[in-house]
Amino acid sequence: MIELLASHYAYVLVFVVLGIGLYMTIASQNLVKKLIGVNLFQSAIFLFFVATAYVEGGRAPILKTGTDAPLASPLPQVIVLTAIVVGIALTAVGLALIVRIHGEYGTLREDTLREVRTDE
Amino acid sequence: MSSLETLVVLLIVAPILLSLAPIALGLRYDRVGWPVATITTAGLFAAVLALASDVFVAEGTNREVARIHVLGNFEAPMGIELVADPLSTLIALLITGTAFGVLLHTRTNGPRGNTFYTAYLLLVGGLLGITLTGDVFNLFVFLEITSLATYALVASGDGPESAVAALKYLILGTVAASLYLMGVGLLFMGTGTLNMADLAATIPTLESQNVTLARAGLAFIVIGFAVKVAQWPLHSWQPDAYQHAPDGVTPVIAALVSTASAYALGRVLFGVYGPEFVASTPNASTVVVTIGCLSVVAGSTLAVIQRDVMRLLAYSSVSQFGLIVAAYGVLTDQALSGALIHLVGHGLTKAGLFVAVGWIAIAHGARTVDEYAGLAGRQPFVAGAMAVLLLSLVGIPPSVGFVGKWYIALGAVEAQAWPVAAVILFSTMLTLAYVARLLETMYVTPPLDSAAEPAYDTPAATDGGHSSSSIATRKSVPLGTLTVLVLAAVLAVALGFAGELFVDVLEPFLESVLEVSS
């Protein structure tokens, strides 16, 4: 068990970050913090991809002669780059919506928001 | 490479590139958005028709029939490919047809402004991407393109409520898409490939530890899609999003976005994992069936108690998609073809219904069931089309809703999945309950007096800015809206007679699925 943890600590870390992100998304009353939680959740998944691609003693996947060290797979890195771009777009849209909500209701807290909306 | 294979990539590239045109041309000309969007979607529809006429008549199994575009000439499994096989072509036909039809409706009613049409074209591009992609990671990217466009469209509604609805949708949708990505990551760890066809070939040959990885991936993917398809209890974003989106936008979101996600779930379950792997995974099909059945019951029950017509139809979507997901879980070819017919039929029906409901809300300011009193007398065509579509939703023969439910029920009985069969019967009765209430109000209840205030206090009723909140006046229906409604109603009945045709069209896909499993 300890051995497994020592060799797979990256995965443990990933799932801790994943849990924190999901908890923040669900439990935080502040809309901005919720969005940060979503970002954390996504980042954990990006880290997961990076962790899967790690090769002990591997080298960059560039073809050249001289070394015969194993190549690291470039695909997870490419996937993560794409997913980061998608994540940035989502964060931007989310923040724009939050700005609009703040402008209309004057609050960022979800519980206050609920009260204001039921009052109307 | 033949010209048809180039068409496949153009179907995705054209709407995404042309989505920039309304903004760019808008700098110089006003009101350029609608013509650009209409010409684009009409072109896409024609292109899909050309593709369909080729794919549907071809003989052979799935991969032989399919028109495959290899992007950048990097052959699969290293490169990315776009696949137009009978199933994806059918869904692409539905998407482009509905997108074109709804544009006719938005000409006079819809949200105006060039940015709206930019988001609209992005949405169409993303949806076609979901449909045609042959790569599980690209599916994630297209899911997010679609979602981003949808968030923007929902948020463009009047009032701050739509921003709240859109943010709720964004947070849930992003978590769902991330869960799907996690599933793809686990699947990639287990198999080392992302290409759907390659995955389908690799998964049955996996060894012990990799099987576990693929199964964990399956769990993440199913839950991710359960949010996207709005399955109970993960549906809570959907009624808000449907209600607060602009009235011209709801038809396309309601008819297409969840449909494309449900199609993608079916694709992954059957085209990638294959029925045998799902059946051999402990409890997998039970979980999928349970999610579906619970959604059917919860969705119909919630729909029965709604007063707002848009929310009623939104909860009805939860239940109808529950039926489709439950049919996926049954894992027989009868139920699968039933699910796919229901997918197309439901998309068509809901598009028509939301066009009608949206127009009534704009023209009359009527949003609750009670305010529909006397609709049939004032608007015979709209009410008639709505009645046909509502009956198709219940599953009265000879409508397309009946054919889908019939095949699902047949498959459920064949597989001895009695809960599914019972749930279909139960949900049909509940559907009848809310449909009958709406029909009765439209046809039997006399119209409310226009001078009298409604007895209840609903803020939504005064949203339209009309002095009268009931249907007291006769307003002429715009030609575009009327065309869409009549077409939807006629198709809902005509496709009901074409159940056999559907099964013939889907046969190559079903055959190849069964080939993998046997």
# chains A, B, ... in the order shown; residues from 1 in each chain; ligands from 1
>>> residues_around(residues="Pro76 of chain A", least_positions_apart="4", cutoff="12 Å", atoms="only C-alpha atoms", output="list in words")
Ile45, Phe46, Leu47, Phe48, Phe49, Val50, Ala51, Thr52, Ala53, Tyr54, Ala72, Val80, Leu81, Thr82 and Ala83 of chain A; Phe137, Leu181, Met182, Val184, Gly185, Leu186, Phe188, Met189, Gly192, Thr193 and Leu194 of chain B
>>> select_by_dssp(residues="chain A", states="alpha helix (DSSP H)", output="MDAnalysis selection string")
chainID A and resid 2:7 9:27 31:52 75:105 110:119
>>> write_last_selection(atoms="C-alpha atoms", output="compact mmCIF listing (two decimals), in the first residue's frame")
# COMPACT_ATOMS: atom_id res chain seq x y z
CA ILE A 2 2.72 2.43 1.08
CA GLU A 3 4.76 1.41 -1.92
CA LEU A 4 1.83 2.04 -4.21
CA LEU A 5 1.33 5.48 -2.66
CA ALA A 6 5.02 6.29 -3.01
CA SER A 7 5.04 5.38 -6.70
CA TYR A 9 1.61 9.96 -5.40
CA ALA A 10 0.81 12.09 -8.45
CA TYR A 11 -2.55 10.37 -8.83
CA VAL A 12 -3.34 10.82 -5.13
CA LEU A 13 -2.55 14.51 -5.48
CA VAL A 14 -4.74 14.76 -8.56
CA PHE A 15 -7.73 13.25 -6.80
CA VAL A 16 -7.26 15.48 -3.74
CA VAL A 17 -7.28 18.57 -5.98
CA LEU A 18 -10.27 17.15 -7.84
CA GLY A 19 -12.16 16.75 -4.58
CA ILE A 20 -11.29 20.23 -3.36
CA GLY A 21 -12.42 21.72 -6.66
CA LEU A 22 -15.73 19.86 -6.65
CA TYR A 23 -16.33 20.74 -2.99
CA MET A 24 -15.69 24.43 -3.70
CA THR A 25 -18.06 24.32 -6.67
CA ILE A 26 -20.84 22.84 -4.57
CA ALA A 27 -20.33 24.39 -1.14
CA LEU A 31 -20.09 32.83 -7.37
CA VAL A 32 -16.48 33.76 -8.17
CA LYS A 33 -15.21 31.12 -5.79
CA LYS A 34 -17.56 28.62 -7.41
CA LEU A 35 -15.97 29.37 -10.76
CA ILE A 36 -12.50 29.02 -9.22
CA GLY A 37 -13.66 25.64 -7.93
CA VAL A 38 -14.65 24.61 -11.44
CA ASN A 39 -11.23 25.73 -12.66
CA LEU A 40 -9.49 23.72 -9.95
CA PHE A 41 -11.56 20.68 -10.90
CA GLN A 42 -10.50 21.06 -14.52
CA SER A 43 -6.87 21.65 -13.60
CA ALA A 44 -6.85 18.41 -11.61
CA ILE A 45 -7.95 16.57 -14.75
CA PHE A 46 -5.22 18.29 -16.77
CA LEU A 47 -2.67 17.18 -14.15
CA PHE A 48 -4.07 13.68 -14.42
CA PHE A 49 -3.37 13.65 -18.15
CA VAL A 50 0.14 14.96 -17.60
CA ALA A 51 0.75 12.31 -14.93
CA THR A 52 -0.34 9.50 -17.25
CA LEU A 75 -0.62 13.06 -27.15
CA PRO A 76 -1.64 13.80 -23.52
CA GLN A 77 0.28 17.08 -23.58
CA VAL A 78 -1.45 18.11 -26.80
CA ILE A 79 -4.82 17.19 -25.29
CA VAL A 80 -4.10 19.23 -22.17
CA LEU A 81 -3.07 22.25 -24.26
CA THR A 82 -6.37 22.09 -26.14
CA ALA A 83 -8.37 21.56 -22.96
CA ILE A 84 -6.65 24.54 -21.28
CA VAL A 85 -7.73 26.78 -24.16
CA VAL A 86 -11.30 25.48 -23.82
CA GLY A 87 -11.12 26.09 -20.07
CA ILE A 88 -10.00 29.69 -20.55
CA ALA A 89 -12.91 30.38 -22.88
CA LEU A 90 -15.33 28.90 -20.34
CA THR A 91 -13.86 30.96 -17.51
CA ALA A 92 -14.14 34.11 -19.58
CA VAL A 93 -17.82 33.48 -20.36
CA GLY A 94 -18.49 32.58 -16.72
CA LEU A 95 -16.84 35.74 -15.43
CA ALA A 96 -18.77 37.84 -17.96
CA LEU A 97 -22.01 36.33 -16.66
CA ILE A 98 -20.95 37.02 -13.07
CA VAL A 99 -20.23 40.66 -13.94
CA ARG A 100 -23.74 40.92 -15.40
CA ILE A 101 -25.32 39.26 -12.35
CA HIS A 102 -23.40 41.60 -10.03
CA GLY A 103 -24.50 44.59 -12.05
CA GLU A 104 -28.15 43.57 -11.90
CA TYR A 105 -28.47 42.26 -8.35
CA GLU A 110 -25.69 32.78 -3.96
CA ASP A 111 -27.89 32.85 -0.85
CA THR A 112 -28.42 36.62 -1.13
CA LEU A 113 -29.12 36.17 -4.81
CA ARG A 114 -31.80 33.60 -4.06
CA GLU A 115 -33.44 35.96 -1.58
CA VAL A 116 -33.34 38.90 -3.98
CA ARG A 117 -34.88 36.81 -6.76
CA THR A 118 -37.72 35.44 -4.65
CA ASP A 119 -38.52 38.95 -3.43
>>> closest_atom_pairs(of="chain B", to="chain A", cutoff="10 Å", atoms="only C-alpha atoms", output="CSV")
residue,atom,partner,partner_atom,distance
B:Met78,CA,A:Leu75,CA,9.6
B:Phe137,CA,A:Ile79,CA,7.7
B:Asn138,CA,A:Ile79,CA,9.4
B:Phe140,CA,A:Ala83,CA,8.8
B:Val141,CA,A:Val86,CA,7.4
B:Glu144,CA,A:Val86,CA,7.1
B:Ile145,CA,A:Val86,CA,8.2
B:Ser147,CA,A:Leu90,CA,9.1
B:Leu148,CA,A:Leu90,CA,6.8
B:Ala149,CA,A:Val93,CA,9.9
B:Tyr151,CA,A:Val93,CA,8.0
B:Ala152,CA,A:Val93,CA,7.7
B:Ala155,CA,A:Leu97,CA,7.6
B:Gly159,CA,A:Glu104,CA,8.6
B:Pro160,CA,A:Glu104,CA,6.2
B:Glu161,CA,A:Arg117,CA,8.3
B:Ser162,CA,A:Ile101,CA,9.4
B:Ala163,CA,A:Leu97,CA,5.8
B:Val164,CA,A:Ile101,CA,6.7
B:Ala165,CA,A:Leu97,CA,9.7
B:Ala166,CA,A:Leu97,CA,7.6
B:Leu167,CA,A:Gly94,CA,6.3
B:Lys168,CA,A:Gly94,CA,9.5
B:Tyr169,CA,A:Gly94,CA,10.0
B:Leu170,CA,A:Gly94,CA,6.9
B:Ile171,CA,A:Val38,CA,6.9
B:Leu172,CA,A:Val38,CA,9.1
B:Thr174,CA,A:Val38,CA,7.3
B:Val175,CA,A:Val38,CA,6.7
B:Ala177,CA,A:Gln42,CA,9.4
B:Ser178,CA,A:Gln42,CA,6.1
B:Leu179,CA,A:Ile45,CA,8.5
B:Leu181,CA,A:Ile45,CA,7.6
B:Met182,CA,A:Ile45,CA,6.1
B:Gly183,CA,A:Ile45,CA,9.9
B:Val184,CA,A:Phe49,CA,9.8
B:Gly185,CA,A:Phe49,CA,6.4
B:Leu186,CA,A:Phe49,CA,8.9
B:Phe188,CA,A:Pro76,CA,9.0
B:Met189,CA,A:Thr52,CA,7.0
B:Gly192,CA,A:Leu75,CA,9.7
B:Thr193,CA,A:Leu75,CA,9.5
B:Leu194,CA,A:Leu75,CA,9.7
B:Pro459,CA,A:Glu120,CA,8.5
>>> residues_around(residues="Ala69 of chain A", least_positions_apart="6", cutoff="7 Å", atoms="only C-alpha atoms", output="number ranges by chain")
A: 57-59
>>> write_last_selection(atoms="N, CA, C and O atoms", output="short mmCIF file (atom, residue, chain, number, x, y, z; two decimals), in the first residue's frame")
data_model
loop_
_atom_site.label_atom_id
_atom_site.label_comp_id
_atom_site.auth_asym_id
_atom_site.auth_seq_id
_atom_site.Cartn_x
_atom_site.Cartn_y
_atom_site.Cartn_z
N GLY A 57 12.62 8.24 -17.08
CA GLY A 57 13.78 8.39 -17.95
C GLY A 57 13.45 8.64 -19.41
O GLY A 57 14.29 8.45 -20.28
N GLY A 58 12.23 9.03 -19.69
CA GLY A 58 11.83 9.26 -21.07
C GLY A 58 12.38 10.58 -21.59
O GLY A 58 12.80 11.44 -20.82
N ARG A 59 12.38 10.71 -22.92
CA ARG A 59 12.83 11.98 -23.49
C ARG A 59 11.73 12.56 -24.37
O ARG A 59 10.74 11.88 -24.68
#
>>> closest_residue(among="B:Pro419, B:Pro111, B:Pro86, B:Gly33", to="Arg67 of chain B", atoms="only C-alpha atoms")
B:Pro86
>>> select_by_dssp(residues="segment 70-262 of chain B", states="strand (DSSP E)", output="number ranges by chain")
B: 70, 81-84
>>> closest_residue(among="B:Arg31, B:His69, B:His342, B:Lys228", to="Leu7 of chain B", atoms="only C-alpha atoms")
B:His69
>>> residues_around(residues="segment 232-238 of chain B", least_positions_apart="3", cutoff="8 Å", atoms="only C-alpha atoms", output="list of chain:residue names")
B:Ala165, B:Lys168, B:Tyr169, B:Leu172, B:Ala226, B:Val227, B:Val229, B:Ala241, B:Tyr242, B:Ile291, B:Leu294, B:Ser295, B:Ala298, B:Gly299, B:Ala314, B:Val318
>>> write_last_selection(atoms="C-alpha atoms", output="short mmCIF file (atom, residue, chain, number, x, y, z; two decimals), in the first residue's frame")
data_model
loop_
_atom_site.label_atom_id
_atom_site.label_comp_id
_atom_site.auth_asym_id
_atom_site.auth_seq_id
_atom_site.Cartn_x
_atom_site.Cartn_y
_atom_site.Cartn_z
CA ALA B 165 -29.76 30.52 -15.62
CA LYS B 168 -25.97 27.66 -13.49
CA TYR B 169 -25.86 25.85 -16.83
CA LEU B 172 -22.95 22.19 -14.26
CA ALA B 226 -26.20 12.20 -17.76
CA VAL B 227 -25.75 15.88 -16.88
CA VAL B 229 -28.68 15.04 -21.46
CA ALA B 241 -32.16 27.51 -19.23
CA TYR B 242 -35.16 26.72 -21.45
CA ILE B 291 -30.93 6.55 -14.37
CA LEU B 294 -35.93 7.49 -12.63
CA SER B 295 -35.74 10.41 -15.08
CA ALA B 298 -39.46 12.20 -12.07
CA GLY B 299 -39.60 14.23 -15.29
CA ALA B 314 -38.68 21.25 -20.35
CA VAL B 318 -36.21 15.16 -18.97
#
>>> decode(residues="segment 24-36 of chain A", atoms="N, CA, C and O atoms", output="mmCIF file, in the first residue's frame")
data_model
loop_
_atom_site.group_PDB
_atom_site.id
_atom_site.type_symbol
_atom_site.label_atom_id
_atom_site.label_comp_id
_atom_site.auth_asym_id
_atom_site.auth_seq_id
_atom_site.Cartn_x
_atom_site.Cartn_y
_atom_site.Cartn_z
ATOM 1 N N MET A 24 -15.545 22.972 -3.572
ATOM 2 C CA MET A 24 -15.689 24.434 -3.698
ATOM 3 C C MET A 24 -16.856 24.788 -4.602
ATOM 4 O O MET A 24 -17.640 25.699 -4.324
ATOM 5 N N THR A 25 -16.980 24.046 -5.724
ATOM 6 C CA THR A 25 -18.061 24.324 -6.669
ATOM 7 C C THR A 25 -19.423 24.171 -6.003
ATOM 8 O O THR A 25 -20.339 24.956 -6.228
ATOM 9 N N ILE A 26 -19.532 23.124 -5.159
ATOM 10 C CA ILE A 26 -20.842 22.842 -4.568
ATOM 11 C C ILE A 26 -21.088 23.717 -3.343
ATOM 12 O O ILE A 26 -22.164 24.294 -3.189
ATOM 13 N N ALA A 27 -20.070 23.850 -2.465
ATOM 14 C CA ALA A 27 -20.325 24.392 -1.138
ATOM 15 C C ALA A 27 -20.146 25.902 -1.042
ATOM 16 O O ALA A 27 -20.788 26.540 -0.210
ATOM 17 N N SER A 28 -19.294 26.495 -1.870
ATOM 18 C CA SER A 28 -19.043 27.925 -1.708
ATOM 19 C C SER A 28 -20.259 28.731 -2.157
ATOM 20 O O SER A 28 -20.892 28.427 -3.170
ATOM 21 N N GLN A 29 -20.582 29.761 -1.368
ATOM 22 C CA GLN A 29 -21.732 30.590 -1.709
ATOM 23 C C GLN A 29 -21.361 31.708 -2.669
ATOM 24 O O GLN A 29 -22.226 32.321 -3.286
ATOM 25 N N ASN A 30 -20.051 31.954 -2.759
ATOM 26 C CA ASN A 30 -19.591 33.057 -3.606
ATOM 27 C C ASN A 30 -19.449 32.571 -5.051
ATOM 28 O O ASN A 30 -18.795 31.558 -5.319
ATOM 29 N N LEU A 31 -20.071 33.305 -5.980
ATOM 30 C CA LEU A 31 -20.088 32.831 -7.370
ATOM 31 C C LEU A 31 -18.688 32.768 -7.974
ATOM 32 O O LEU A 31 -18.357 31.849 -8.716
ATOM 33 N N VAL A 32 -17.839 33.769 -7.626
ATOM 34 C CA VAL A 32 -16.484 33.761 -8.174
ATOM 35 C C VAL A 32 -15.720 32.559 -7.645
ATOM 36 O O VAL A 32 -14.998 31.881 -8.387
ATOM 37 N N LYS A 33 -15.903 32.270 -6.354
ATOM 38 C CA LYS A 33 -15.212 31.120 -5.786
ATOM 39 C C LYS A 33 -15.719 29.822 -6.402
ATOM 40 O O LYS A 33 -14.964 28.876 -6.593
ATOM 41 N N LYS A 34 -17.002 29.785 -6.714
ATOM 42 C CA LYS A 34 -17.558 28.615 -7.411
ATOM 43 C C LYS A 34 -16.818 28.384 -8.729
ATOM 44 O O LYS A 34 -16.429 27.268 -9.056
ATOM 45 N N LEU A 35 -16.636 29.480 -9.461
ATOM 46 C CA LEU A 35 -15.966 29.371 -10.761
ATOM 47 C C LEU A 35 -14.520 28.940 -10.581
ATOM 48 O O LEU A 35 -13.993 28.144 -11.375
ATOM 49 N N ILE A 36 -13.871 29.454 -9.503
ATOM 50 C CA ILE A 36 -12.499 29.017 -9.222
ATOM 51 C C ILE A 36 -12.495 27.524 -8.911
ATOM 52 O O ILE A 36 -11.596 26.789 -9.335
#
